[in-house]
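Worksheet for the structure shown next.
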Amino acid sequence: MTILVTGATGNVGRHVVQQLTQRGAKVRALARNPASANLPESAEIVQGDLLDVDALRQAFEGVSTLFLLNAVVADEFTQALIPLNVAREAGVKRVVYLSVIHSDRYVNVPHFAGKFGVERMIEDMGFNATILRPAYFMDNDLTIKDVVLGYGVYPMPIGNKGLAMIDARDIGEIAAIELLSRDQAPDGSALTRINVVGPDTLTGADVASIWSEALGRAIAYGGDDTAGFEQNLRQFMPAWMAYDMRQMAERFLTDGMVPETGDVERLTQLLGRPLRSYRDFAAETAVVV
């Protein structure tokens with residue numbers, strides 16, 4: 001049977017497709033522009049998006065399992081519920097959904113609250129599902145690399161509670177393993193939630209120290225100014241999204257993204273290897289500077 005991957009051309013989705021095809025799975029990837037998708041040749045690429053009901057109905061033909069990934073957009077909740085409903089109509093019973101850690105706690109953050117609502121719908125609709133709840137993506141920090149290099153400052157206001165940052169490649173591999181497991185699971189299998197975290201829980205000062213080591217010069221932590229963070233983001237994203245990101249950053253400061261006991265060990269066992277660390281990420285990024 002076929003596994004349908006949404007968000008297939010994004011930072012996580014393309015790793016999911018790569019990992020699935022490497023494992024011999026039959027993969028169908030949903031893409032707005034198949035011509036520029038740049039995915040493995042063995043993957044079937046179909047044109048469409050999460051609001052295109054007709055395209056979704058065609059995409060779900062012969063599909064056994066869905067990987068649902070939504071971008072942070074204003075109508076994210078709708079973009080999740082439509083494919084879930086179409087999947088159910090098509091007889092799809094198995095889902096792996098990419099949510100976010102603490103979706104049930106960061107209740108004032110729009111894209112967290114939306115993902116928690118989707119989790120509840122998946123459960124209520126009776127899917128055999130795995131909910132993946134990743135922490136902060138290390139790869140997000142590629143967007144501020146020039147600030148680190150040019151100004152000697154790590155500018156993300158992540159505070160001192162700590163974030164268990166995760167590499168997108170690890171998320172993709174974990175998702176692929178869970179998709180294959182779900183695809184073979186019997187009907188009626190219990191819904192599970194998995195915190196997808198990195199091996200270390202890092203503060204702003206920790207991350208600045210790691211960059212200092214990677215670059216061989218002092219990098220300072222820029223502090224916890226979430227208002228300034230919002231204003232900077234508004235230069236290249238809509239105001240509503242910048243405000244959403246500010247709300248998230250403020251929860252970093254008060255709550256952090258801290259794993260539960262056993263999370264790291266569970267993922268290490270699932271992968272059969274250690275998780276990639278932020279130190280690895282910084283070292284790799286420094287090499288390509």
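Naming works like this for the structure tokens: A, B, ... for the chains as they're shown, residue 1 at the start of each chain, ligands 1 onward in shown order.
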Go through range 87-269 of chain A and collect every residue that DSSP, computed from the backbone, puts in helix (DSSP H, G or I); the answer should be as an mmCIF file with N, CA, C and O atoms, in the first residue's frame.
data_model
loop_
_atom_site.group_PDB
_atom_site.id
_atom_site.type_symbol
_atom_site.label_atom_id
_atom_site.label_comp_id
_atom_site.auth_asym_id
_atom_site.auth_seq_id
_atom_site.Cartn_x
_atom_site.Cartn_y
_atom_site.Cartn_z
ATOM 1 N N ALA A 87 -9.341 11.851 4.049
ATOM 2 C CA ALA A 87 -8.688 10.559 4.323
ATOM 3 C C ALA A 87 -9.689 9.566 4.882
ATOM 4 O O ALA A 87 -9.735 8.398 4.450
ATOM 5 N N ARG A 88 -10.499 9.993 5.827
ATOM 6 C CA ARG A 88 -11.483 9.089 6.418
ATOM 7 C C ARG A 88 -12.497 8.630 5.378
ATOM 8 O O ARG A 88 -12.857 7.449 5.331
ATOM 9 N N GLU A 89 -12.945 9.549 4.521
ATOM 10 C CA GLU A 89 -13.870 9.183 3.448
ATOM 11 C C GLU A 89 -13.259 8.140 2.512
ATOM 12 O O GLU A 89 -13.972 7.282 1.986
ATOM 13 N N PRO A 110 -1.021 30.636 18.934
ATOM 14 C CA PRO A 110 -1.971 30.161 17.931
ATOM 15 C C PRO A 110 -1.589 28.856 17.246
ATOM 16 O O PRO A 110 -2.420 27.941 17.147
ATOM 17 N N HIS A 111 -0.350 28.734 16.761
ATOM 18 C CA HIS A 111 -0.056 27.510 16.008
ATOM 19 C C HIS A 111 0.132 26.299 16.917
ATOM 20 O O HIS A 111 -0.009 25.164 16.454
ATOM 21 N N PHE A 112 0.382 26.496 18.197
ATOM 22 C CA PHE A 112 0.400 25.383 19.143
ATOM 23 C C PHE A 112 -1.029 24.945 19.453
ATOM 24 O O PHE A 112 -1.342 23.752 19.429
ATOM 25 N N ALA A 113 -1.884 25.916 19.764
ATOM 26 C CA ALA A 113 -3.269 25.598 20.085
ATOM 27 C C ALA A 113 -3.966 24.923 18.912
ATOM 28 O O ALA A 113 -4.759 23.985 19.093
ATOM 29 N N GLY A 114 -3.668 25.395 17.701
ATOM 30 C CA GLY A 114 -4.249 24.764 16.522
ATOM 31 C C GLY A 114 -3.823 23.315 16.383
ATOM 32 O O GLY A 114 -4.644 22.435 16.078
ATOM 33 N N LYS A 115 -2.545 23.045 16.613
ATOM 34 C CA LYS A 115 -2.066 21.668 16.510
ATOM 35 C C LYS A 115 -2.696 20.777 17.577
ATOM 36 O O LYS A 115 -2.997 19.602 17.332
ATOM 37 N N PHE A 116 -2.907 21.324 18.768
ATOM 38 C CA PHE A 116 -3.554 20.515 19.796
ATOM 39 C C PHE A 116 -4.993 20.202 19.399
ATOM 40 O O PHE A 116 -5.484 19.097 19.641
ATOM 41 N N GLY A 117 -5.668 21.157 18.773
ATOM 42 C CA GLY A 117 -7.007 20.890 18.270
ATOM 43 C C GLY A 117 -7.013 19.777 17.237
ATOM 44 O O GLY A 117 -7.915 18.918 17.228
ATOM 45 N N VAL A 118 -6.018 19.770 16.358
ATOM 46 C CA VAL A 118 -5.907 18.701 15.364
ATOM 47 C C VAL A 118 -5.657 17.359 16.047
ATOM 48 O O VAL A 118 -6.244 16.336 15.666
ATOM 49 N N GLU A 119 -4.794 17.345 17.045
ATOM 50 C CA GLU A 119 -4.566 16.107 17.803
ATOM 51 C C GLU A 119 -5.890 15.550 18.332
ATOM 52 O O GLU A 119 -6.155 14.341 18.253
ATOM 53 N N ARG A 120 -6.695 16.415 18.896
ATOM 54 C CA ARG A 120 -7.971 15.982 19.479
ATOM 55 C C ARG A 120 -8.912 15.447 18.403
ATOM 56 O O ARG A 120 -9.640 14.481 18.625
ATOM 57 N N MET A 121 -8.901 16.086 17.222
ATOM 58 C CA MET A 121 -9.744 15.605 16.130
ATOM 59 C C MET A 121 -9.280 14.235 15.642
ATOM 60 O O MET A 121 -10.094 13.355 15.358
ATOM 61 N N ILE A 122 -7.973 14.035 15.527
ATOM 62 C CA ILE A 122 -7.448 12.733 15.108
ATOM 63 C C ILE A 122 -7.909 11.649 16.073
ATOM 64 O O ILE A 122 -8.333 10.562 15.669
ATOM 65 N N GLU A 123 -7.837 11.962 17.362
ATOM 66 C CA GLU A 123 -8.263 11.003 18.381
ATOM 67 C C GLU A 123 -9.765 10.751 18.298
ATOM 68 O O GLU A 123 -10.226 9.611 18.330
ATOM 69 N N ASP A 124 -10.535 11.826 18.163
ATOM 70 C CA ASP A 124 -11.990 11.712 18.125
ATOM 71 C C ASP A 124 -12.466 10.979 16.879
ATOM 72 O O ASP A 124 -13.476 10.261 16.919
ATOM 73 N N MET A 138 16.490 22.687 15.341
ATOM 74 C CA MET A 138 17.810 23.306 15.200
ATOM 75 C C MET A 138 17.926 24.088 13.896
ATOM 76 O O MET A 138 18.522 25.167 13.844
ATOM 77 N N ASP A 139 17.342 23.540 12.847
ATOM 78 C CA ASP A 139 17.472 24.115 11.510
ATOM 79 C C ASP A 139 16.884 25.515 11.423
ATOM 80 O O ASP A 139 17.243 26.283 10.519
ATOM 81 N N ASN A 140 15.987 25.875 12.350
ATOM 82 C CA ASN A 140 15.486 27.251 12.388
ATOM 83 C C ASN A 140 16.628 28.251 12.507
ATOM 84 O O ASN A 140 16.526 29.392 12.028
ATOM 85 N N ASP A 141 17.694 27.839 13.156
ATOM 86 C CA ASP A 141 18.793 28.763 13.422
ATOM 87 C C ASP A 141 19.651 29.052 12.189
ATOM 88 O O ASP A 141 20.524 29.924 12.233
ATOM 89 N N LEU A 142 19.385 28.352 11.088
ATOM 90 C CA LEU A 142 20.046 28.732 9.841
ATOM 91 C C LEU A 142 19.611 30.125 9.406
ATOM 92 O O LEU A 142 20.364 30.840 8.737
ATOM 93 N N THR A 143 18.401 30.531 9.817
ATOM 94 C CA THR A 143 17.889 31.845 9.412
ATOM 95 C C THR A 143 18.611 32.994 10.115
ATOM 96 O O THR A 143 18.539 34.127 9.643
ATOM 97 N N ILE A 144 19.272 32.693 11.226
ATOM 98 C CA ILE A 144 19.959 33.767 11.957
ATOM 99 C C ILE A 144 21.478 33.573 11.930
ATOM 100 O O ILE A 144 22.211 34.227 12.672
ATOM 101 N N LYS A 145 21.949 32.712 11.045
ATOM 102 C CA LYS A 145 23.384 32.444 10.937
ATOM 103 C C LYS A 145 24.176 33.720 10.643
ATOM 104 O O LYS A 145 25.238 33.954 11.232
ATOM 105 N N ASP A 146 23.633 34.563 9.766
ATOM 106 C CA ASP A 146 24.357 35.782 9.396
ATOM 107 C C ASP A 146 24.500 36.739 10.581
ATOM 108 O O ASP A 146 25.497 37.468 10.682
ATOM 109 N N VAL A 147 23.518 36.739 11.479
ATOM 110 C CA VAL A 147 23.606 37.578 12.676
ATOM 111 C C VAL A 147 24.702 37.056 13.595
ATOM 112 O O VAL A 147 25.501 37.829 14.139
ATOM 113 N N VAL A 148 24.735 35.750 13.762
ATOM 114 C CA VAL A 148 25.769 35.132 14.601
ATOM 115 C C VAL A 148 27.147 35.448 14.041
ATOM 116 O O VAL A 148 28.057 35.875 14.771
ATOM 117 N N LEU A 149 27.304 35.261 12.720
ATOM 118 C CA LEU A 149 28.612 35.445 12.099
ATOM 119 C C LEU A 149 29.009 36.915 12.004
ATOM 120 O O LEU A 149 30.157 37.284 12.256
ATOM 121 N N GLY A 150 28.030 37.762 11.628
ATOM 122 C CA GLY A 150 28.360 39.151 11.357
ATOM 123 C C GLY A 150 28.408 40.044 12.574
ATOM 124 O O GLY A 150 29.177 41.023 12.610
ATOM 125 N N TYR A 151 27.614 39.701 13.599
ATOM 126 C CA TYR A 151 27.517 40.573 14.773
ATOM 127 C C TYR A 151 27.976 39.915 16.076
ATOM 128 O O TYR A 151 28.017 40.564 17.110
ATOM 129 N N ALA A 168 16.177 18.391 12.048
ATOM 130 C CA ALA A 168 15.100 18.010 11.129
ATOM 131 C C ALA A 168 15.352 16.649 10.494
ATOM 132 O O ALA A 168 14.408 15.918 10.179
ATOM 133 N N ARG A 169 16.605 16.279 10.312
ATOM 134 C CA ARG A 169 16.906 14.963 9.742
ATOM 135 C C ARG A 169 16.469 13.851 10.689
ATOM 136 O O ARG A 169 15.966 12.809 10.241
ATOM 137 N N ASP A 170 16.631 14.082 11.979
ATOM 138 C CA ASP A 170 16.172 13.091 12.953
ATOM 139 C C ASP A 170 14.651 13.021 12.987
ATOM 140 O O ASP A 170 14.074 11.939 13.099
ATOM 141 N N ILE A 171 13.992 14.176 12.870
ATOM 142 C CA ILE A 171 12.527 14.169 12.827
ATOM 143 C C ILE A 171 12.051 13.341 11.634
ATOM 144 O O ILE A 171 11.144 12.515 11.746
ATOM 145 N N GLY A 172 12.663 13.577 10.476
ATOM 146 C CA GLY A 172 12.264 12.844 9.279
ATOM 147 C C GLY A 172 12.442 11.350 9.415
ATOM 148 O O GLY A 172 11.585 10.566 8.993
ATOM 149 N N GLU A 173 13.544 10.938 10.012
ATOM 150 C CA GLU A 173 13.791 9.498 10.166
ATOM 151 C C GLU A 173 12.833 8.881 11.180
ATOM 152 O O GLU A 173 12.305 7.784 10.962
ATOM 153 N N ILE A 174 12.602 9.584 12.283
ATOM 154 C CA ILE A 174 11.655 9.086 13.286
ATOM 155 C C ILE A 174 10.260 8.969 12.679
ATOM 156 O O ILE A 174 9.547 7.973 12.889
ATOM 157 N N ALA A 175 9.863 9.972 11.894
ATOM 158 C CA ALA A 175 8.551 9.940 11.249
ATOM 159 C C ALA A 175 8.443 8.759 10.293
ATOM 160 O O ALA A 175 7.400 8.071 10.254
ATOM 161 N N ALA A 176 9.489 8.503 9.518
ATOM 162 C CA ALA A 176 9.461 7.392 8.574
ATOM 163 C C ALA A 176 9.320 6.056 9.303
ATOM 164 O O ALA A 176 8.549 5.173 8.882
ATOM 165 N N ILE A 177 10.063 5.890 10.376
ATOM 166 C CA ILE A 177 9.970 4.653 11.158
ATOM 167 C C ILE A 177 8.564 4.468 11.697
ATOM 168 O O ILE A 177 7.988 3.367 11.649
ATOM 169 N N GLU A 178 7.968 5.542 12.206
ATOM 170 C CA GLU A 178 6.609 5.455 12.745
ATOM 171 C C GLU A 178 5.583 5.213 11.647
ATOM 172 O O GLU A 178 4.604 4.500 11.854
ATOM 173 N N LEU A 179 5.777 5.802 10.478
ATOM 174 C CA LEU A 179 4.861 5.570 9.363
ATOM 175 C C LEU A 179 4.868 4.110 8.941
ATOM 176 O O LEU A 179 3.805 3.517 8.708
ATOM 177 N N LEU A 180 6.036 3.524 8.847
ATOM 178 C CA LEU A 180 6.123 2.114 8.475
ATOM 179 C C LEU A 180 5.512 1.223 9.550
ATOM 180 O O LEU A 180 4.848 0.228 9.253
ATOM 181 N N SER A 181 5.709 1.593 10.810
ATOM 182 C CA SER A 181 5.117 0.842 11.904
ATOM 183 C C SER A 181 3.595 0.940 11.868
ATOM 184 O O SER A 181 2.883 -0.061 12.007
ATOM 185 N N ARG A 182 3.069 2.152 11.667
ATOM 186 C CA ARG A 182 1.619 2.348 11.577
ATOM 187 C C ARG A 182 1.040 1.629 10.367
ATOM 188 O O ARG A 182 -0.058 1.068 10.418
ATOM 189 N N ASP A 183 1.763 1.665 9.263
ATOM 190 C CA ASP A 183 1.269 1.055 8.027
ATOM 191 C C ASP A 183 1.040 -0.445 8.199
ATOM 192 O O ASP A 183 0.179 -1.036 7.542
ATOM 193 N N GLN A 184 1.804 -1.053 9.095
ATOM 194 C CA GLN A 184 1.711 -2.498 9.307
ATOM 195 C C GLN A 184 0.924 -2.866 10.558
ATOM 196 O O GLN A 184 0.723 -4.048 10.846
ATOM 197 N N GLY A 204 19.830 29.882 26.269
ATOM 198 C CA GLY A 204 20.441 30.834 25.352
ATOM 199 C C GLY A 204 21.935 30.942 25.552
ATOM 200 O O GLY A 204 22.707 31.001 24.578
ATOM 201 N N ALA A 205 22.369 30.973 26.804
ATOM 202 C CA ALA A 205 23.802 31.045 27.095
ATOM 203 C C ALA A 205 24.531 29.792 26.621
ATOM 204 O O ALA A 205 25.661 29.867 26.116
ATOM 205 N N ASP A 206 23.884 28.619 26.758
ATOM 206 C CA ASP A 206 24.486 27.376 26.279
ATOM 207 C C ASP A 206 24.723 27.424 24.773
ATOM 208 O O ASP A 206 25.790 27.034 24.277
ATOM 209 N N VAL A 207 23.713 27.882 24.047
ATOM 210 C CA VAL A 207 23.822 27.921 22.589
ATOM 211 C C VAL A 207 24.898 28.907 22.158
ATOM 212 O O VAL A 207 25.693 28.621 21.251
ATOM 213 N N ALA A 208 24.958 30.074 22.797
ATOM 214 C CA ALA A 208 26.010 31.039 22.477
ATOM 215 C C ALA A 208 27.393 30.441 22.719
ATOM 216 O O ALA A 208 28.330 30.648 21.931
ATOM 217 N N SER A 209 27.529 29.668 23.797
ATOM 218 C CA SER A 209 28.810 29.028 24.100
ATOM 219 C C SER A 209 29.187 27.995 23.032
ATOM 220 O O SER A 209 30.356 27.887 22.637
ATOM 221 N N ILE A 210 28.194 27.257 22.553
ATOM 222 C CA ILE A 210 28.447 26.264 21.500
ATOM 223 C C ILE A 210 28.908 26.948 20.218
ATOM 224 O O ILE A 210 29.849 26.497 19.553
ATOM 225 N N TRP A 211 28.260 28.066 19.859
ATOM 226 C CA TRP A 211 28.691 28.816 18.677
ATOM 227 C C TRP A 211 30.101 29.379 18.875
ATOM 228 O O TRP A 211 30.909 29.392 17.933
ATOM 229 N N SER A 212 30.414 29.826 20.074
ATOM 230 C CA SER A 212 31.763 30.341 20.353
ATOM 231 C C SER A 212 32.802 29.266 20.091
ATOM 232 O O SER A 212 33.853 29.524 19.474
ATOM 233 N N GLU A 213 32.494 28.055 20.534
ATOM 234 C CA GLU A 213 33.412 26.933 20.334
ATOM 235 C C GLU A 213 33.539 26.585 18.855
ATOM 236 O O GLU A 213 34.644 26.338 18.347
ATOM 237 N N ALA A 214 32.401 26.569 18.141
ATOM 238 C CA ALA A 214 32.413 26.184 16.731
ATOM 239 C C ALA A 214 33.166 27.190 15.867
ATOM 240 O O ALA A 214 33.844 26.817 14.900
ATOM 241 N N LEU A 215 33.045 28.483 16.212
ATOM 242 C CA LEU A 215 33.632 29.534 15.388
ATOM 243 C C LEU A 215 35.000 29.996 15.881
ATOM 244 O O LEU A 215 35.703 30.721 15.181
ATOM 245 N N THR A 226 11.537 39.868 23.749
ATOM 246 C CA THR A 226 10.567 39.303 22.810
ATOM 247 C C THR A 226 9.879 40.388 21.977
ATOM 248 O O THR A 226 9.469 40.117 20.844
ATOM 249 N N ALA A 227 9.746 41.601 22.512
ATOM 250 C CA ALA A 227 9.155 42.688 21.734
ATOM 251 C C ALA A 227 10.044 43.038 20.543
ATOM 252 O O ALA A 227 9.560 43.219 19.411
ATOM 253 N N GLY A 228 11.350 43.123 20.781
ATOM 254 C CA GLY A 228 12.285 43.375 19.698
ATOM 255 C C GLY A 228 12.311 42.239 18.693
ATOM 256 O O GLY A 228 12.430 42.461 17.481
ATOM 257 N N PHE A 229 12.184 41.017 19.196
ATOM 258 C CA PHE A 229 12.125 39.840 18.337
ATOM 259 C C PHE A 229 10.941 39.949 17.379
ATOM 260 O O PHE A 229 11.078 39.726 16.166
ATOM 261 N N GLU A 230 9.778 40.329 17.911
ATOM 262 C CA GLU A 230 8.594 40.493 17.063
ATOM 263 C C GLU A 230 8.824 41.546 15.989
ATOM 264 O O GLU A 230 8.493 41.337 14.810
ATOM 265 N N GLN A 231 9.385 42.671 16.365
ATOM 266 C CA GLN A 231 9.606 43.747 15.403
ATOM 267 C C GLN A 231 10.578 43.319 14.307
ATOM 268 O O GLN A 231 10.394 43.647 13.133
ATOM 269 N N ASN A 232 11.612 42.592 14.660
ATOM 270 C CA ASN A 232 12.556 42.099 13.650
ATOM 271 C C ASN A 232 11.863 41.136 12.691
ATOM 272 O O ASN A 232 12.079 41.192 11.471
ATOM 273 N N LEU A 233 11.035 40.241 13.213
ATOM 274 C CA LEU A 233 10.350 39.278 12.368
ATOM 275 C C LEU A 233 9.394 39.952 11.394
ATOM 276 O O LEU A 233 9.181 39.464 10.276
ATOM 277 N N ALA A 239 2.443 40.365 10.076
ATOM 278 C CA ALA A 239 2.378 40.794 11.474
ATOM 279 C C ALA A 239 1.771 39.726 12.373
ATOM 280 O O ALA A 239 2.245 39.516 13.494
ATOM 281 N N TRP A 240 0.742 39.034 11.873
ATOM 282 C CA TRP A 240 0.105 38.010 12.718
ATOM 283 C C TRP A 240 1.082 36.889 13.050
ATOM 284 O O TRP A 240 1.080 36.352 14.162
ATOM 285 N N MET A 241 1.926 36.524 12.065
ATOM 286 C CA MET A 241 2.878 35.434 12.290
ATOM 287 C C MET A 241 3.987 35.873 13.243
ATOM 288 O O MET A 241 4.406 35.097 14.118
ATOM 289 N N ALA A 242 4.459 37.100 13.077
ATOM 290 C CA ALA A 242 5.484 37.617 13.982
ATOM 291 C C ALA A 242 4.970 37.651 15.421
ATOM 292 O O ALA A 242 5.699 37.322 16.367
ATOM 293 N N TYR A 243 3.704 38.013 15.581
ATOM 294 C CA TYR A 243 3.103 38.037 16.917
ATOM 295 C C TYR A 243 2.974 36.627 17.481
ATOM 296 O O TYR A 243 3.228 36.388 18.676
ATOM 297 N N ASP A 244 2.584 35.678 16.636
ATOM 298 C CA ASP A 244 2.519 34.264 17.023
ATOM 299 C C ASP A 244 3.889 33.799 17.517
ATOM 300 O O ASP A 244 4.015 33.160 18.577
ATOM 301 N N MET A 245 4.950 34.136 16.776
ATOM 302 C CA MET A 245 6.300 33.731 17.156
ATOM 303 C C MET A 245 6.722 34.385 18.466
ATOM 304 O O MET A 245 7.423 33.770 19.284
ATOM 305 N N ARG A 246 6.291 35.622 18.677
ATOM 306 C CA ARG A 246 6.592 36.274 19.956
ATOM 307 C C ARG A 246 5.923 35.533 21.108
ATOM 308 O O ARG A 246 6.550 35.333 22.170
ATOM 309 N N GLN A 247 4.668 35.148 20.936
ATOM 310 C CA GLN A 247 3.975 34.411 21.993
ATOM 311 C C GLN A 247 4.704 33.108 22.308
ATOM 312 O O GLN A 247 4.832 32.709 23.464
ATOM 313 N N MET A 248 5.199 32.446 21.256
ATOM 314 C CA MET A 248 5.966 31.215 21.460
ATOM 315 C C MET A 248 7.241 31.506 22.246
ATOM 316 O O MET A 248 7.578 30.790 23.207
ATOM 317 N N ALA A 249 7.956 32.556 21.860
ATOM 318 C CA ALA A 249 9.205 32.894 22.540
ATOM 319 C C ALA A 249 8.961 33.209 24.016
ATOM 320 O O ALA A 249 9.776 32.848 24.879
ATOM 321 N N GLU A 250 7.857 33.858 24.305
ATOM 322 C CA GLU A 250 7.559 34.160 25.700
ATOM 323 C C GLU A 250 7.298 32.895 26.509
ATOM 324 O O GLU A 250 7.634 32.833 27.705
ATOM 325 N N ARG A 251 6.748 31.875 25.855
ATOM 326 C CA ARG A 251 6.590 30.592 26.553
ATOM 327 C C ARG A 251 7.930 29.867 26.692
ATOM 328 O O ARG A 251 8.129 29.098 27.637
ATOM 329 N N PHE A 252 8.856 30.103 25.751
ATOM 330 C CA PHE A 252 10.216 29.597 25.954
ATOM 331 C C PHE A 252 10.763 30.116 27.281
ATOM 332 O O PHE A 252 11.391 29.371 28.054
ATOM 333 N N LEU A 253 10.534 31.409 27.530
ATOM 334 C CA LEU A 253 11.104 32.042 28.714
ATOM 335 C C LEU A 253 10.461 31.520 30.002
ATOM 336 O O LEU A 253 11.146 31.365 31.015
ATOM 337 N N THR A 254 9.169 31.267 29.964
ATOM 338 C CA THR A 254 8.473 30.845 31.189
ATOM 339 C C THR A 254 8.447 29.334 31.376
ATOM 340 O O THR A 254 8.459 28.853 32.505
ATOM 341 N N ASP A 263 12.389 10.282 27.331
ATOM 342 C CA ASP A 263 12.190 10.681 25.934
ATOM 343 C C ASP A 263 13.428 10.429 25.080
ATOM 344 O O ASP A 263 13.338 9.859 23.989
ATOM 345 N N VAL A 264 14.580 10.886 25.545
ATOM 346 C CA VAL A 264 15.803 10.745 24.757
ATOM 347 C C VAL A 264 16.147 9.274 24.555
ATOM 348 O O VAL A 264 16.506 8.841 23.446
ATOM 349 N N GLU A 265 16.003 8.497 25.604
ATOM 350 C CA GLU A 265 16.319 7.060 25.515
ATOM 351 C C GLU A 265 15.381 6.360 24.533
ATOM 352 O O GLU A 265 15.810 5.491 23.756
ATOM 353 N N ARG A 266 14.114 6.729 24.556
ATOM 354 C CA ARG A 266 13.141 6.117 23.642
ATOM 355 C C ARG A 266 13.510 6.384 22.189
ATOM 356 O O ARG A 266 13.467 5.477 21.338
ATOM 357 N N LEU A 267 13.881 7.628 21.886
ATOM 358 C CA LEU A 267 14.222 7.979 20.520
ATOM 359 C C LEU A 267 15.536 7.349 20.084
ATOM 360 O O LEU A 267 15.679 6.929 18.928
ATOM 361 N N THR A 268 16.485 7.295 20.997
ATOM 362 C CA THR A 268 17.767 6.658 20.686
ATOM 363 C C THR A 268 17.570 5.188 20.335
ATOM 364 O O THR A 268 18.168 4.670 19.382
ATOM 365 N N GLN A 269 16.706 4.532 21.082
ATOM 366 C CA GLN A 269 16.406 3.122 20.796
ATOM 367 C C GLN A 269 15.667 2.986 19.467
ATOM 368 O O GLN A 269 15.949 2.068 18.679
#
Do a neighbour search on Leu84 in chain A at 12 Å with only C-alpha atoms, toss out local chain neighbours closer than 6 positions, and write the hits as a compact mmCIF listing (two decimals) with N, CA and C atoms, in the first residue's frame.
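The resulting selection-v7.txt:
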# COMPACT_ATOMS: atom_id res chain seq x y z
N THR A 6 2.29 14.64 3.04
CA THR A 6 2.02 16.05 2.80
C THR A 6 3.20 16.88 3.31
N LEU A 50 -3.43 21.29 0.54
CA LEU A 50 -4.30 20.77 1.58
C LEU A 50 -5.71 21.38 1.58
N LEU A 51 -5.94 22.37 0.73
CA LEU A 51 -7.28 22.94 0.58
C LEU A 51 -7.95 22.52 -0.72
N VAL A 53 -9.71 19.99 -2.44
CA VAL A 53 -10.43 18.76 -2.11
C VAL A 53 -10.37 17.76 -3.26
N LEU A 56 -6.99 16.19 -3.37
CA LEU A 56 -6.83 15.29 -2.23
C LEU A 56 -7.56 13.97 -2.46
N ARG A 57 -8.76 14.04 -3.00
CA ARG A 57 -9.51 12.80 -3.26
C ARG A 57 -8.75 11.89 -4.21
N PHE A 60 -5.57 10.39 -2.41
CA PHE A 60 -5.81 9.35 -1.41
C PHE A 60 -6.20 8.00 -2.01
N THR A 65 -1.76 4.92 4.55
CA THR A 65 -1.29 5.68 5.70
C THR A 65 -0.96 7.11 5.27
N LEU A 66 -1.30 8.07 6.13
CA LEU A 66 -1.08 9.49 5.86
C LEU A 66 -0.04 10.07 6.80
N PHE A 67 0.90 10.81 6.24
CA PHE A 67 1.76 11.68 7.04
C PHE A 67 1.25 13.10 6.86
N LEU A 68 0.75 13.68 7.94
CA LEU A 68 0.14 15.01 7.88
C LEU A 68 1.07 16.02 8.52
N LEU A 69 1.50 16.98 7.70
CA LEU A 69 2.35 18.08 8.14
C LEU A 69 1.75 19.37 7.60
N ASN A 70 1.53 20.32 8.48
CA ASN A 70 0.97 21.62 8.09
C ASN A 70 2.00 22.72 8.34
N PHE A 77 -5.48 25.24 10.91
CA PHE A 77 -6.44 24.27 11.45
C PHE A 77 -7.30 23.69 10.34
N THR A 78 -7.80 24.56 9.47
CA THR A 78 -8.62 24.10 8.33
C THR A 78 -7.79 23.22 7.40
N ALA A 90 -11.93 8.24 2.32
CA ALA A 90 -11.24 7.31 1.42
C ALA A 90 -10.91 5.98 2.08
N GLY A 91 -11.23 5.83 3.36
CA GLY A 91 -10.97 4.59 4.07
C GLY A 91 -9.59 4.49 4.69
N VAL A 92 -8.87 5.61 4.71
CA VAL A 92 -7.55 5.61 5.35
C VAL A 92 -7.74 5.58 6.87
N LYS A 93 -7.06 4.67 7.53
CA LYS A 93 -7.23 4.51 8.98
C LYS A 93 -5.99 4.85 9.78
N ARG A 94 -4.88 5.05 9.10
CA ARG A 94 -3.60 5.22 9.80
C ARG A 94 -3.00 6.59 9.50
N VAL A 95 -2.58 7.28 10.54
CA VAL A 95 -2.06 8.63 10.41
C VAL A 95 -0.85 8.82 11.33
N VAL A 96 0.15 9.51 10.82
CA VAL A 96 1.22 10.07 11.66
C VAL A 96 1.15 11.58 11.46
N TYR A 97 0.97 12.30 12.56
CA TYR A 97 0.77 13.75 12.51
C TYR A 97 1.92 14.45 13.20
N VAL A 118 -6.02 19.77 16.36
CA VAL A 118 -5.91 18.70 15.36
C VAL A 118 -5.66 17.36 16.05
N GLU A 119 -4.79 17.34 17.05
CA GLU A 119 -4.57 16.11 17.80
C GLU A 119 -5.89 15.55 18.33
N ARG A 120 -6.69 16.42 18.90
CA ARG A 120 -7.97 15.98 19.48
C ARG A 120 -8.91 15.45 18.40
N MET A 121 -8.90 16.09 17.22
CA MET A 121 -9.74 15.60 16.13
C MET A 121 -9.28 14.23 15.64
N ILE A 122 -7.97 14.03 15.53
CA ILE A 122 -7.45 12.73 15.11
C ILE A 122 -7.91 11.65 16.07
N GLU A 123 -7.84 11.96 17.36
CA GLU A 123 -8.26 11.00 18.38
C GLU A 123 -9.77 10.75 18.30
N ASP A 124 -10.53 11.83 18.16
CA ASP A 124 -11.99 11.71 18.13
C ASP A 124 -12.47 10.98 16.88
N MET A 125 -11.74 11.12 15.77
CA MET A 125 -12.14 10.49 14.52
C MET A 125 -11.75 9.02 14.46
N GLY A 126 -11.02 8.55 15.46
CA GLY A 126 -10.74 7.12 15.58
C GLY A 126 -9.62 6.59 14.71
N PHE A 127 -8.72 7.46 14.25
CA PHE A 127 -7.58 6.98 13.47
C PHE A 127 -6.63 6.15 14.34
N ALA A 129 -3.26 6.22 15.14
CA ALA A 129 -2.39 7.37 14.91
C ALA A 129 -1.21 7.43 15.86
**Study point:** Residue list (strand (DSSP E or B), DSSP) for range 55-134 of chain A, as a count of residues only
**Key:** 18
Review point. Which distance in Å separates CA of Ala43 in chain A and CA of Val27 in chain A, to one decimal?
Key: 5.1 Å
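CA of Gly256 in chain A lies 10.3 Å from CA of Ile101 in chain A.
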Check your understanding: Hey, what's within 10 Å of Asp255 in chain A if we count only C-alpha atoms and toss same-chain stuff fewer than 4 positions away? As a VMD selection string, please?
Key -> chain A and resid 102 105 to 106 159 to 163 249 to 251
